[in-house]
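Visitor: I am sharing final39.txt, which consists of compact mmCIF, C-alpha atoms and all ligand atoms:
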```txt
# COMPACT_ATOMS: atom_id res chain seq x y z
CA MET V 1 -31.66 14.98 25.71
CA SER V 2 -28.49 13.42 24.37
CA ALA V 3 -25.20 13.74 26.24
CA ALA V 4 -22.86 16.64 25.48
CA LEU V 5 -19.98 15.93 23.13
CA ALA V 6 -16.78 14.86 24.88
CA MET V 7 -15.00 17.73 23.10
CA ARG V 8 -17.34 20.07 25.01
CA GLY V 9 -16.82 18.40 28.37
CA GLY V 10 -19.44 15.62 28.11
CA PRO V 11 -18.81 11.92 28.82
CA ARG V 12 -16.75 9.95 26.29
CA VAL V 13 -18.44 7.12 24.40
CA ARG V 14 -15.31 5.04 24.81
CA GLU V 15 -13.00 5.15 27.81
CA ARG V 16 -11.11 1.87 27.24
CA PRO V 17 -8.06 1.90 24.97
CA TRP V 18 -8.51 0.46 21.50
CA PRO V 19 -7.20 -3.12 21.04
CA GLN V 20 -3.86 -3.85 19.39
CA ARG V 21 -3.74 -6.10 16.34
CA GLY V 22 -1.88 -8.96 17.99
CA GLN V 23 0.00 -9.91 14.84
CA PHE V 24 2.47 -12.28 16.43
CA GLY V 25 1.85 -15.53 18.26
CA PRO V 26 3.54 -18.82 19.05
CA GLU V 27 3.86 -19.62 15.32
CA GLU V 28 6.23 -16.73 14.62
CA LYS V 29 8.13 -17.34 17.87
CA ALA V 30 8.58 -21.03 17.03
CA ALA V 31 9.84 -20.15 13.55
CA VAL V 32 12.41 -17.73 14.92
CA ASP V 33 13.40 -20.09 17.75
CA ALA V 34 14.02 -22.85 15.23
CA LEU V 35 16.47 -20.66 13.32
CA PHE V 36 18.31 -19.74 16.51
CA ASP V 37 18.30 -23.34 17.76
CA GLU V 38 19.88 -24.51 14.55
CA SER V 39 22.41 -21.73 14.52
CA ILE V 40 23.38 -22.33 18.13
CA SER V 41 23.72 -26.07 17.63
CA THR V 42 25.71 -25.84 14.40
CA GLY V 43 27.56 -22.62 15.10
CA ALA V 44 26.62 -21.32 11.65
CA PRO V 45 24.71 -18.04 11.43
CA PHE V 46 21.46 -17.77 9.55
CA GLY V 47 21.71 -15.34 6.68
CA TYR V 48 19.77 -14.63 3.52
CA ASP V 49 18.80 -16.75 0.52
CA GLY V 50 18.72 -19.70 2.93
CA PRO V 51 16.03 -22.35 3.37
CA ALA V 52 13.64 -20.00 5.21
CA GLU V 53 13.74 -17.37 2.49
CA THR V 54 13.46 -19.95 -0.28
CA ALA V 55 10.40 -21.49 1.40
CA PHE V 56 8.84 -18.07 2.05
CA CYS V 57 9.22 -17.12 -1.61
CA ARG V 58 7.76 -20.43 -2.79
CA GLU V 59 4.81 -20.16 -0.40
CA PHE V 60 4.19 -16.52 -1.29
CA ALA V 61 4.08 -17.39 -4.99
CA GLU V 62 1.76 -20.33 -4.27
CA MET V 63 -0.55 -18.02 -2.35
CA MET V 64 -0.69 -15.77 -5.43
CA GLY V 65 -1.75 -18.73 -7.55
CA GLY V 66 1.68 -19.49 -9.02
CA GLY V 67 4.62 -17.45 -10.22
CA PHE V 68 7.85 -16.26 -8.68
CA ALA V 69 8.65 -14.21 -5.60
CA ASP V 70 11.85 -12.38 -4.71
CA ALA V 71 11.95 -11.43 -1.02
CA VAL V 72 13.49 -8.02 -0.40
CA SER V 73 14.06 -5.57 2.43
CA SER V 74 11.05 -3.23 2.03
CA GLY V 75 8.20 -2.22 -0.22
CA SER V 76 10.27 0.69 -1.53
CA ALA V 77 13.07 -1.76 -2.33
CA ALA V 78 10.54 -4.01 -4.08
CA LEU V 79 9.41 -1.14 -6.31
CA TYR V 80 13.01 -0.20 -7.04
CA ALA V 81 13.88 -3.80 -7.97
CA ALA V 82 10.69 -4.19 -10.02
CA LEU V 83 11.43 -1.05 -12.05
CA LYS V 84 15.01 -2.16 -12.56
CA ALA V 85 13.84 -5.63 -13.60
CA LEU V 86 11.65 -3.99 -16.24
CA GLY V 87 14.71 -2.17 -17.55
CA VAL V 88 13.23 1.33 -17.51
CA GLU V 89 15.64 3.73 -19.19
CA PRO V 90 16.83 6.96 -17.58
CA PHE V 91 14.83 10.06 -18.54
CA SER V 92 11.83 8.02 -19.55
CA GLU V 93 8.56 8.70 -17.71
CA VAL V 94 6.82 6.43 -15.23
CA ILE V 95 3.14 7.12 -14.58
CA VAL V 96 2.25 6.76 -10.90
CA GLY V 97 -0.90 7.47 -8.90
CA CYS V 98 -0.79 10.63 -6.78
CA MET V 99 -2.14 8.91 -3.69
CA THR V 100 0.60 6.67 -2.39
CA ASP V 101 3.39 6.44 0.15
CA PRO V 102 6.63 8.27 -0.72
CA GLY V 103 8.22 4.83 -1.02
CA GLY V 104 5.74 4.10 -3.79
CA MET V 105 7.09 6.99 -5.86
CA MET V 106 10.69 7.78 -4.85
CA PRO V 107 12.27 4.73 -6.53
CA ILE V 108 11.19 6.20 -9.89
CA PRO V 109 13.45 9.30 -9.82
CA LEU V 110 16.12 7.28 -8.01
CA LEU V 111 16.39 5.37 -11.29
CA ASN V 112 16.57 8.70 -13.11
CA CYS V 113 13.05 8.33 -14.51
CA VAL V 114 10.53 11.15 -14.22
CA PRO V 115 7.40 10.41 -12.19
CA VAL V 116 4.30 11.56 -14.07
CA VAL V 117 1.55 11.84 -11.51
CA ALA V 118 -1.97 10.59 -12.23
CA ASP V 119 -5.03 11.78 -10.36
CA ILE V 120 -7.30 9.19 -8.79
CA ALA V 121 -10.55 8.12 -10.42
CA PRO V 122 -13.64 9.63 -8.79
CA GLY V 123 -15.00 7.37 -6.06
CA SER V 124 -11.71 5.57 -5.56
CA LEU V 125 -8.20 6.04 -4.15
CA SER V 126 -6.27 5.00 -7.27
CA PRO V 127 -6.05 6.21 -10.84
CA GLY V 128 -8.24 4.47 -13.38
CA PRO V 129 -7.63 3.75 -17.07
CA GLU V 130 -8.85 7.21 -18.05
CA GLN V 131 -6.44 9.10 -15.76
CA VAL V 132 -3.55 6.89 -16.87
CA SER V 133 -4.25 6.88 -20.58
CA GLU V 134 -4.23 10.67 -20.84
CA LEU V 135 -0.67 10.71 -19.51
CA VAL V 136 0.83 8.08 -21.80
CA THR V 137 3.36 9.50 -24.26
CA PRO V 138 6.18 7.97 -26.30
CA LEU V 139 8.38 8.65 -23.23
CA THR V 140 6.33 6.38 -20.95
CA SER V 141 8.28 3.32 -19.82
CA ALA V 142 6.04 1.95 -17.05
CA ILE V 143 2.86 2.49 -15.08
CA VAL V 144 2.74 2.03 -11.29
CA VAL V 145 -0.70 1.57 -9.78
CA ALA V 146 -1.16 1.22 -6.02
CA HIS V 147 -4.22 -0.41 -4.47
CA ILE V 148 -4.55 2.12 -1.66
CA ALA V 149 -6.06 1.14 1.70
CA GLY V 150 -6.60 -2.36 0.30
CA TYR V 151 -9.20 -1.07 -2.21
CA PRO V 152 -8.45 -2.65 -5.58
CA ALA V 153 -7.79 -0.23 -8.41
CA ASP V 154 -9.25 -0.91 -11.84
CA VAL V 155 -6.01 -2.63 -12.69
CA GLU V 156 -7.55 -4.67 -15.49
CA GLY V 157 -8.46 -1.44 -17.27
CA ILE V 158 -4.98 -0.05 -16.64
CA VAL V 159 -3.31 -3.21 -17.93
CA GLU V 160 -5.44 -2.81 -21.05
CA VAL V 161 -4.11 0.75 -21.50
CA GLY V 162 -0.56 -0.50 -20.94
CA ARG V 163 -1.00 -3.28 -23.46
CA ARG V 164 -2.33 -0.87 -26.07
CA HIS V 165 0.81 1.22 -25.75
CA GLY V 166 3.31 -1.57 -25.05
CA VAL V 167 3.94 -0.26 -21.52
CA PRO V 168 4.34 -2.64 -18.56
CA VAL V 169 2.30 -2.26 -15.37
CA ILE V 170 3.59 -2.60 -11.81
CA GLU V 171 0.99 -3.21 -9.13
CA ASP V 172 1.96 -1.68 -5.81
CA CYS V 173 0.36 -4.04 -3.30
CA ALA V 174 1.95 -2.56 -0.19
CA GLN V 175 -1.50 -1.84 1.28
CA ALA V 176 -3.47 -4.57 -0.43
CA HIS V 177 -2.45 -8.01 0.82
CA GLY V 178 -5.33 -10.35 0.17
CA ALA V 179 -7.43 -7.83 -1.80
CA GLU V 180 -9.30 -9.51 -4.64
CA ILE V 181 -10.69 -8.65 -8.04
CA GLY V 182 -13.02 -11.22 -9.55
CA GLY V 183 -11.66 -13.87 -7.19
CA ARG V 184 -8.01 -13.16 -8.07
CA TYR V 185 -5.53 -11.50 -5.76
CA ALA V 186 -4.39 -7.97 -6.48
CA GLY V 187 -0.81 -8.30 -7.69
CA THR V 188 -1.59 -10.98 -10.27
CA PHE V 189 -2.84 -8.65 -13.01
CA GLY V 190 0.16 -6.50 -13.90
CA ASP V 191 3.57 -7.58 -15.18
CA VAL V 192 5.04 -7.41 -11.72
CA ALA V 193 3.92 -6.54 -8.20
CA ALA V 194 5.76 -4.76 -5.41
CA VAL V 195 4.69 -5.65 -1.87
CA SER V 196 5.67 -4.18 1.49
CA THR V 197 5.71 -6.46 4.51
CA MET V 198 6.66 -3.84 7.12
CA PHE V 199 5.10 -4.35 10.52
CA GLY V 200 2.01 -2.21 9.97
CA LYS V 201 0.84 -4.18 6.94
CA HIS V 202 -1.70 -7.04 6.89
CA MET V 203 1.07 -9.61 6.98
CA ASN V 204 4.58 -8.72 7.99
CA THR V 205 8.06 -10.07 8.15
CA GLY V 206 8.98 -8.51 11.48
CA GLY V 207 9.82 -4.83 11.24
CA GLN V 208 10.65 -4.47 7.58
CA GLY V 209 10.40 -6.45 4.39
CA GLY V 210 9.01 -6.65 0.91
CA VAL V 211 8.40 -8.95 -2.02
CA VAL V 212 8.68 -8.64 -5.79
CA PHE V 213 6.09 -10.98 -7.31
CA THR V 214 5.75 -11.81 -10.98
CA ARG V 215 4.47 -14.60 -13.17
CA SER V 216 7.35 -14.01 -15.58
CA GLU V 217 10.42 -16.11 -14.89
CA GLU V 218 12.57 -13.66 -16.83
CA LEU V 219 11.39 -10.69 -14.75
CA TYR V 220 11.96 -12.74 -11.59
CA ARG V 221 15.54 -13.47 -12.65
CA ARG V 222 16.18 -9.82 -13.35
CA SER V 223 14.64 -8.86 -10.03
CA ARG V 224 16.96 -11.25 -8.22
CA ARG V 225 19.94 -9.56 -9.81
CA ALA V 226 18.53 -6.08 -9.20
CA SER V 227 17.96 -6.81 -5.52
CA ASP V 228 21.45 -8.16 -4.85
CA ARG V 229 24.07 -5.88 -6.34
CA GLY V 230 23.67 -7.27 -9.83
CA LYS V 231 25.00 -10.72 -8.83
CA PRO V 232 25.07 -12.90 -11.92
CA PHE V 233 22.18 -15.16 -10.90
CA PHE V 234 20.85 -17.19 -13.83
CA LEU V 235 23.59 -15.90 -16.14
CA PRO V 236 26.10 -18.16 -17.92
CA ASP V 237 29.00 -19.53 -15.87
CA GLY V 238 31.82 -17.07 -15.70
CA SER V 239 29.51 -14.02 -15.70
CA THR V 240 30.25 -11.31 -13.16
CA ASN V 241 28.02 -8.79 -11.40
CA ASP V 242 25.84 -7.64 -14.22
CA ALA V 243 24.70 -4.13 -13.28
CA ALA V 244 25.15 -1.74 -10.36
CA SER V 245 22.46 -2.01 -7.73
CA LEU V 246 22.00 -2.12 -3.97
CA ASN V 247 21.83 -4.99 -1.53
CA LEU V 248 18.08 -5.20 -0.96
CA ASN V 249 17.93 -8.73 0.42
CA MET V 250 15.45 -9.94 2.98
CA SER V 251 16.99 -11.93 5.85
CA ASP V 252 16.11 -15.55 6.65
CA LEU V 253 14.94 -14.38 10.05
CA ALA V 254 12.37 -12.08 8.44
CA ALA V 255 11.35 -14.78 5.98
CA ALA V 256 10.75 -17.29 8.78
CA ILE V 257 8.32 -14.83 10.38
CA GLY V 258 6.74 -14.19 6.99
CA ARG V 259 6.03 -17.90 6.44
CA ALA V 260 3.94 -18.00 9.60
CA GLN V 261 2.17 -14.81 8.56
CA ILE V 262 1.18 -16.14 5.13
CA GLY V 263 -0.89 -18.80 6.87
CA LYS V 264 -2.75 -16.18 8.88
CA LEU V 265 -3.57 -13.81 6.03
CA PRO V 266 -6.86 -15.24 4.67
CA ASP V 267 -8.55 -15.33 8.08
CA LEU V 268 -7.22 -11.90 9.00
CA VAL V 269 -8.62 -10.38 5.80
CA GLU V 270 -12.01 -12.04 6.34
CA ARG V 271 -12.16 -10.65 9.85
CA ARG V 272 -11.50 -7.14 8.53
CA ARG V 273 -14.27 -7.60 5.96
CA GLU V 274 -16.63 -8.72 8.69
CA VAL V 275 -15.86 -5.61 10.78
CA VAL V 276 -16.51 -3.35 7.79
CA SER V 277 -19.75 -5.09 6.84
CA ARG V 278 -21.02 -4.65 10.40
CA LEU V 279 -20.07 -0.98 10.37
CA GLU V 280 -21.87 -0.59 7.03
CA ALA V 281 -24.97 -2.33 8.36
CA GLY V 282 -24.89 -0.16 11.49
CA VAL V 283 -24.61 3.08 9.50
CA ALA V 284 -27.62 1.99 7.43
CA ASP V 285 -29.69 0.71 10.38
CA GLN V 286 -29.17 3.89 12.34
CA GLY V 287 -29.98 5.98 9.29
CA LEU V 288 -26.73 7.96 9.65
CA GLU V 289 -26.48 10.62 6.96
CA SER V 290 -23.20 12.29 7.82
CA VAL V 291 -20.88 9.52 6.62
CA SER V 292 -20.54 6.96 3.82
CA ILE V 293 -17.99 4.18 3.69
CA MET V 294 -16.14 4.13 0.35
CA GLN V 295 -17.52 1.42 -1.92
CA PRO V 296 -15.19 -0.86 -3.90
CA PRO V 297 -15.56 -1.24 -7.66
CA PRO V 298 -17.95 -4.02 -8.77
CA GLY V 299 -16.42 -7.47 -8.37
CA ALA V 300 -13.65 -6.25 -6.06
CA ARG V 301 -13.19 -7.26 -2.43
CA PRO V 302 -10.99 -4.87 -0.47
CA SER V 303 -8.73 -6.12 2.29
CA TYR V 304 -9.14 -2.84 4.22
CA TRP V 305 -5.73 -1.66 5.34
CA TRP V 306 -7.75 1.27 6.65
CA LEU V 307 -11.28 2.41 6.03
CA PRO V 308 -11.94 5.54 3.93
CA VAL V 309 -15.14 7.21 5.11
CA GLU V 310 -16.65 10.25 3.42
CA VAL V 311 -17.87 12.98 5.76
CA HIS V 312 -20.83 14.83 4.23
CA ALA V 313 -20.08 18.27 5.59
CA GLU V 314 -22.94 19.73 3.53
CA ARG V 315 -25.34 17.92 5.88
CA LEU V 316 -23.53 19.17 8.99
CA THR V 317 -22.93 22.42 10.80
CA CYS V 318 -19.22 21.54 11.12
CA GLY V 319 -16.47 20.68 8.68
CA ARG V 320 -14.64 17.38 8.27
CA ASP V 321 -11.86 18.40 10.68
CA GLU V 322 -14.20 19.27 13.53
CA PHE V 323 -16.20 16.09 12.92
CA VAL V 324 -13.01 14.00 13.17
CA GLU V 325 -11.88 15.90 16.24
CA ALA V 326 -15.24 15.23 17.90
CA LEU V 327 -15.04 11.50 17.13
CA ALA V 328 -11.49 11.31 18.46
CA ALA V 329 -12.60 13.08 21.64
CA GLU V 330 -15.27 10.37 22.04
CA GLY V 331 -12.44 7.82 22.05
CA VAL V 332 -12.72 6.56 18.46
CA PRO V 333 -9.41 6.59 16.57
CA ALA V 334 -10.65 8.56 13.56
CA SER V 335 -8.25 10.89 11.75
CA ASP V 336 -7.87 12.80 8.53
CA LEU V 337 -5.90 11.04 5.80
CA GLY V 338 -2.59 12.47 7.03
CA TRP V 339 0.28 14.23 5.34
CA GLY V 340 2.04 11.11 4.10
CA LEU V 341 -0.22 10.19 1.20
CA MET V 342 0.55 12.72 -1.53
CA PRO V 343 4.29 12.48 -2.22
CA HIS V 344 4.24 14.94 -5.10
CA ARG V 345 3.22 17.71 -2.67
CA MET V 346 6.30 17.05 -0.51
CA THR V 347 9.54 19.02 -0.46
CA TRP V 348 11.63 16.27 -2.07
CA PHE V 349 9.36 16.42 -5.13
CA THR V 350 8.59 20.13 -5.33
CA GLN V 351 12.27 21.03 -4.74
CA ARG V 352 13.50 18.17 -6.95
CA ARG V 353 15.72 16.79 -4.21
CA VAL V 354 16.86 13.45 -5.58
CA PHE V 355 20.47 13.77 -6.76
CA GLY V 356 22.11 16.56 -4.75
CA SER V 357 21.28 19.97 -6.15
CA SER V 358 21.26 18.81 -9.79
CA GLY V 359 17.48 18.77 -10.13
CA TYR V 360 17.86 15.46 -12.00
CA PRO V 361 16.10 13.65 -13.51
CA TRP V 362 13.75 16.56 -14.37
CA ALA V 363 16.57 19.03 -15.06
CA SER V 364 18.62 16.79 -17.32
CA PRO V 365 19.03 17.93 -20.92
CA ASP V 366 18.32 14.29 -21.77
CA TYR V 367 14.78 14.61 -20.45
CA THR V 368 12.59 15.83 -23.27
CA GLY V 369 9.25 15.97 -21.43
CA ASP V 370 7.68 18.84 -19.49
CA ALA V 371 9.98 19.26 -16.48
CA GLY V 372 7.85 21.93 -14.81
CA ARG V 373 4.53 20.18 -15.13
CA GLU V 374 2.26 20.55 -12.13
CA TYR V 375 -0.24 18.02 -10.87
CA PRO V 376 -3.25 19.59 -9.13
CA CYS V 377 -5.09 16.22 -8.93
CA PRO V 378 -8.53 17.63 -8.06
CA ASN V 379 -10.14 14.24 -7.42
CA ALA V 380 -7.48 13.36 -4.84
CA ALA V 381 -7.68 16.82 -3.29
CA ALA V 382 -11.42 16.29 -2.76
CA VAL V 383 -10.80 12.97 -1.02
CA MET V 384 -7.99 14.39 1.12
CA ASP V 385 -10.31 17.19 2.25
CA GLY V 386 -13.58 15.30 2.52
CA PHE V 387 -12.75 11.85 3.85
CA MET V 388 -11.60 10.50 7.18
CA LYS V 389 -9.75 7.36 8.05
CA LEU V 390 -10.88 4.66 10.47
CA PRO V 391 -8.05 2.27 11.32
CA VAL V 392 -10.18 -0.90 11.18
CA HIS V 393 -8.34 -4.13 11.79
CA GLU V 394 -8.84 -7.77 12.65
CA GLY V 395 -8.62 -7.01 16.38
CA TRP V 396 -11.87 -5.00 16.31
CA GLY V 397 -14.71 -6.87 17.98
CA ASP V 398 -18.33 -6.16 18.88
CA GLY V 399 -17.32 -3.43 21.33
CA GLU V 400 -15.26 -1.47 18.80
CA VAL V 401 -17.98 -1.65 16.16
CA ALA V 402 -20.67 -0.64 18.67
CA ASP V 403 -18.60 2.22 20.10
CA THR V 404 -17.74 3.54 16.64
CA LEU V 405 -21.41 3.54 15.65
CA ALA V 406 -22.45 5.12 18.94
CA ALA V 407 -19.84 7.87 18.55
CA LEU V 408 -20.87 8.50 14.94
CA ALA V 409 -24.51 8.80 16.01
CA LYS V 410 -23.65 11.12 18.88
CA VAL V 411 -21.43 13.41 16.80
CA GLU V 412 -23.89 13.45 13.92
CA GLY V 413 -26.68 14.27 16.37
CA ALA V 414 -24.75 17.26 17.66
CA PHE V 415 -23.81 18.64 14.24
CA ARG V 416 -26.67 17.63 11.94
CA ARG V 417 -28.04 20.51 9.89
CA ARG V 418 -31.72 20.80 10.68
C1 LIG V 501 1.45 2.18 -1.42
C2 LIG V 501 2.80 2.01 -0.79
N1 LIG V 501 3.87 1.81 -1.59
C3 LIG V 501 5.10 1.64 -1.08
C4 LIG V 501 5.32 1.64 0.28
C5 LIG V 501 6.69 1.48 0.79
O1 LIG V 501 6.84 0.32 1.56
P1 LIG V 501 7.96 0.25 2.69
O2 LIG V 501 7.54 1.13 3.81
O3 LIG V 501 7.99 -1.19 3.07
O4 LIG V 501 9.23 0.68 2.05
C6 LIG V 501 4.25 1.81 1.16
C7 LIG V 501 4.44 1.82 2.62
O5 LIG V 501 3.52 2.00 3.39
C8 LIG V 501 2.95 2.00 0.61
O6 LIG V 501 1.89 2.17 1.40
```
Would you mind writing the file out in structure tokens?
Ligand SMILES: Cc1ncc(COP(=O)(O)O)c(C=O)c1O
Guide:
Amino acid sequence: MSAALAMRGGPRVRERPWPQRGQFGPEEKAAVDALFDESISTGAPFGYDGPAETAFCREFAEMMGGGFADAVSSGSAALYAALKALGVEPFSEVIVGCMTDPGGMMPIPLLNCVPVVADIAPGSLSPGPEQVSELVTPLTSAIVVAHIAGYPADVEGIVEVGRRHGVPVIEDCAQAHGAEIGGRYAGTFGDVAAVSTMFGKHMNTGGQGGVVFTRSEELYRRSRRASDRGKPFFLPDGSTNDAASLNLNMSDLAAAIGRAQIGKLPDLVERRREVVSRLEAGVADQGLESVSIMQPPPGARPSYWWLPVEVHAERLTCGRDEFVEALAAEGVPASDLGWGLMPHRMTWFTQRRVFGSSGYPWASPDYTGDAGREYPCPNAAAVMDGFMKLPVHEGWGDGEVADTLAALAKVEGAFRRR
């Protein structure tokens, strides 16, 4: 007889706490110490746009296989600067996937553009070419596609749609550092990429940070101006601040940490892949039927910011929520996908809270699209209701994989439909 579920008073599969990621080590400390040592010896503060930031941007671009990087203060700031660099006009429409962080959508209306929300493609977490192409109109000025959870979107197909209509594509790589499609990093397919380097991401710049990456020198130049109050970088002598914007600079301190993190990224991503392949093998070996790990599109290699796992409630006597609750009670950090992933269902969007009570950009007489359009996004709704999230990371070892599999087997055993 198998043990009772922990949620019903039985013993927990896992008593020990789950390991932390351990992102920082002597490399980051040495980089930060060096900045302080120099500042203390010279008396000059470190700032921004200094040697550390310049080197970080160069090394980031090298990592991406060449191009230009503008280091900024967050992923949201990167998207804002990227949109501004593209020159999107107010009251145009920007197509954006429904499943994203609020920071992956809010910069659109903050530039007075209307976000037009695309459902995800079945079997994925991002829109595909089909979902995007049915939303393109003469008002479309850009497409933003996020590679959610480190699972690459079909960005090549989306770029093809964009090209057909003369619309640029921004890749939101906030969750997809090191994710690959056909051997190329996500972020190298679109016109420009927006990256977040906040502390929860694969690589981070200490707290907050972001990067605008592009292979276009012209877009890079515009991004630099957009991320620093329109300063006349790369403009003829005598030019003055070119356009209103915010100060979205990264600091040299953050960039110094980021340089050390770039070096760690490939190994970190490989370790995540190894954890996931062992989980997959374990699910298959044990013949578990209650869960399936989301599969990437052919030719894509996710970098697994988290692991989307489908719960087959039709094979169980419980629903997804009870299944997740049971796993959590066993000591495995499973959860539902959370409230933060569907920005267009949030108050700021539904109540149009962007510019005071004006309702802009939707309410503007200059907007000629459908201001009241609703976005049910049935494919995303099915994933939100039917999947759970496992927070896999590079710190998972044999014990975490074994405990996760043991807990899955135990919970499935208790709830399997017979
Ligand atoms: C897909 C996506 N886009 C944008 C952002 C915003 O990045 P940041 O939190 O650095 O502003 C995030 C943050 O998690 C994200 O996941």
Visitor: Can you pull out the residues contacting V:Cys113? Cut-off 12 Å, using all atoms listed in the file, and skip same-chain residues under 6 positions away; I want them as a CSV table (one decimal) with C-alpha atoms, in the frame of the given file.
Guide:
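Below you can see part08.csv, which holds the result:
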```csv
chain,number,residue,atom,x,y,z
V,80,TYR,CA,13.0,-0.2,-7.0
V,83,LEU,CA,11.4,-1.0,-12.0
V,84,LYS,CA,15.0,-2.2,-12.6
V,87,GLY,CA,14.7,-2.2,-17.6
V,88,VAL,CA,13.2,1.3,-17.5
V,89,GLU,CA,15.6,3.7,-19.2
V,90,PRO,CA,16.8,7.0,-17.6
V,91,PHE,CA,14.8,10.1,-18.5
V,92,SER,CA,11.8,8.0,-19.6
V,93,GLU,CA,8.6,8.7,-17.7
V,94,VAL,CA,6.8,6.4,-15.2
V,95,ILE,CA,3.1,7.1,-14.6
V,96,VAL,CA,2.2,6.8,-10.9
V,105,MET,CA,7.1,7.0,-5.9
V,106,MET,CA,10.7,7.8,-4.8
V,107,PRO,CA,12.3,4.7,-6.5
V,139,LEU,CA,8.4,8.6,-23.2
V,140,THR,CA,6.3,6.4,-21.0
V,141,SER,CA,8.3,3.3,-19.8
V,142,ALA,CA,6.0,2.0,-17.0
V,143,ILE,CA,2.9,2.5,-15.1
V,354,VAL,CA,16.9,13.4,-5.6
V,360,TYR,CA,17.9,15.5,-12.0
V,361,PRO,CA,16.1,13.6,-13.5
V,362,TRP,CA,13.8,16.6,-14.4
V,363,ALA,CA,16.6,19.0,-15.1
V,364,SER,CA,18.6,16.8,-17.3
V,366,ASP,CA,18.3,14.3,-21.8
V,367,TYR,CA,14.8,14.6,-20.4
V,368,THR,CA,12.6,15.8,-23.3
V,369,GLY,CA,9.2,16.0,-21.4
V,371,ALA,CA,10.0,19.3,-16.5
```
Visitor: Within 10 Å of V:Thr197, counting only C-alpha atoms, which residues qualify if same-chain residues fewer than 5 places away don't, as a PyMOL selection string?
Guide: chain V and resi 71-75+173-175+177+202-211+254+258+261
Visitor: Any idea what's packed within 10 Å of V:Val13, counting all atoms listed in the file, ignoring anything in its chain fewer than 5 positions away? Could you give it as a PyMOL selection string?
Guide: chain V and resi 3+5-6+327+329-332+402-408+410
Visitor: If we count all atoms listed in the file, what is near V:Gly230 at a cut-off of 9 Å, once residues fewer than 2 positions away on the same chain are taken out, given as a list in words?
Guide: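 That gives Arg222, Arg224, Arg225, Ala226, Ser227, Asp228, Pro232, Phe233, Thr240, Asn241, Asp242, Ala243, Ala244, Ser245, Leu246 and Asn247 of chain V.
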Visitor: Using the selection just defined, write its residues with C-alpha atoms as a compact mmCIF listing (two decimals), in the coordinates of the input.
Guide:
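As written to disk, result.txt reads:
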```
# COMPACT_ATOMS: atom_id res chain seq x y z
CA ARG V 222 16.18 -9.82 -13.35
CA ARG V 224 16.96 -11.25 -8.22
CA ARG V 225 19.94 -9.56 -9.81
CA ALA V 226 18.53 -6.08 -9.20
CA SER V 227 17.96 -6.81 -5.52
CA ASP V 228 21.45 -8.16 -4.85
CA PRO V 232 25.07 -12.90 -11.92
CA PHE V 233 22.18 -15.16 -10.90
CA THR V 240 30.25 -11.31 -13.16
CA ASN V 241 28.02 -8.79 -11.40
CA ASP V 242 25.84 -7.64 -14.22
CA ALA V 243 24.70 -4.13 -13.28
CA ALA V 244 25.15 -1.74 -10.36
CA SER V 245 22.46 -2.01 -7.73
CA LEU V 246 22.00 -2.12 -3.97
CA ASN V 247 21.83 -4.99 -1.53
```
Visitor: Work out how far apart atom CA of V:Met294 and atom CA of V:Val116 are and give it in Å to one decimal.
Guide: 26.1 Å
Visitor: Do a neighbour search on V:Asn379 at 12 Å with all atoms listed in the file, toss out local chain neighbours closer than 2 positions, and write the hits as JSON, numbers by chain.
Guide: {"V": [97, 98, 99, 118, 119, 120, 121, 122, 123, 124, 125, 126, 127, 128, 131, 375, 376, 377, 381, 382, 383, 384, 385, 386, 387]}
Visitor: Considering all atoms listed in the file, can you say which of V:Gly47, V:Glu325, V:Met342, V:Pro266 comes closest to ligand LIG 501 (chain V)?
Guide: V:Met342
Visitor: Provide the atom C5 of ligand LIG 501 (chain V) to atom CA of V:Trp305 distance in Å, to one decimal place.
Guide: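 Interatomic distance, atom C5 of ligand LIG 501 (chain V) to atom CA of V:Trp305: 13.6 Å.
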Visitor: Using all atoms listed in the file, which residue out of V:Ala52, V:Lys29, V:Asp154, V:Ile40 lies closest to V:Leu253?
Guide: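 Distance minimum relative to V:Leu253 lands on V:Ala52.
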Visitor: Per residue of stretch 67-93 of chain V within 9 Å of stretch 214-220 of chain V, which atom pair is closest and at what distance in Å (one decimal), using all atoms listed in the file, listed by chain and increasing number, as JSON lines?
Guide:
```
{"residue": "V:Gly67", "atom": "CA", "partner": "V:Arg215", "partner_atom": "CA", "distance": 4.1}
{"residue": "V:Phe68", "atom": "CA", "partner": "V:Thr214", "partner_atom": "CA", "distance": 5.4}
{"residue": "V:Ala69", "atom": "CA", "partner": "V:Thr214", "partner_atom": "CA", "distance": 6.6}
{"residue": "V:Asp70", "atom": "CA", "partner": "V:Tyr220", "partner_atom": "CA", "distance": 6.9}
{"residue": "V:Ala82", "atom": "CA", "partner": "V:Leu219", "partner_atom": "CA", "distance": 8.1}
{"residue": "V:Ala85", "atom": "CA", "partner": "V:Leu219", "partner_atom": "CA", "distance": 5.7}
{"residue": "V:Leu86", "atom": "CA", "partner": "V:Leu219", "partner_atom": "CA", "distance": 6.9}
```
Visitor: Generate a file of the selected residues that holds C-alpha atoms, formatted as a PDB file, keeping the file's coordinate frame.
Guide:
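Resulting contents of result25.pdb:
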```pdb
ATOM      1  CA  GLY V  67       4.620 -17.450 -10.220  1.00  0.00           C
ATOM      2  CA  PHE V  68       7.850 -16.260  -8.680  1.00  0.00           C
ATOM      3  CA  ALA V  69       8.650 -14.210  -5.600  1.00  0.00           C
ATOM      4  CA  ASP V  70      11.850 -12.380  -4.710  1.00  0.00           C
ATOM      5  CA  ALA V  82      10.690  -4.190 -10.020  1.00  0.00           C
ATOM      6  CA  ALA V  85      13.840  -5.630 -13.600  1.00  0.00           C
ATOM      7  CA  LEU V  86      11.650  -3.990 -16.240  1.00  0.00           C
TER       8      LEU V  86
END
```
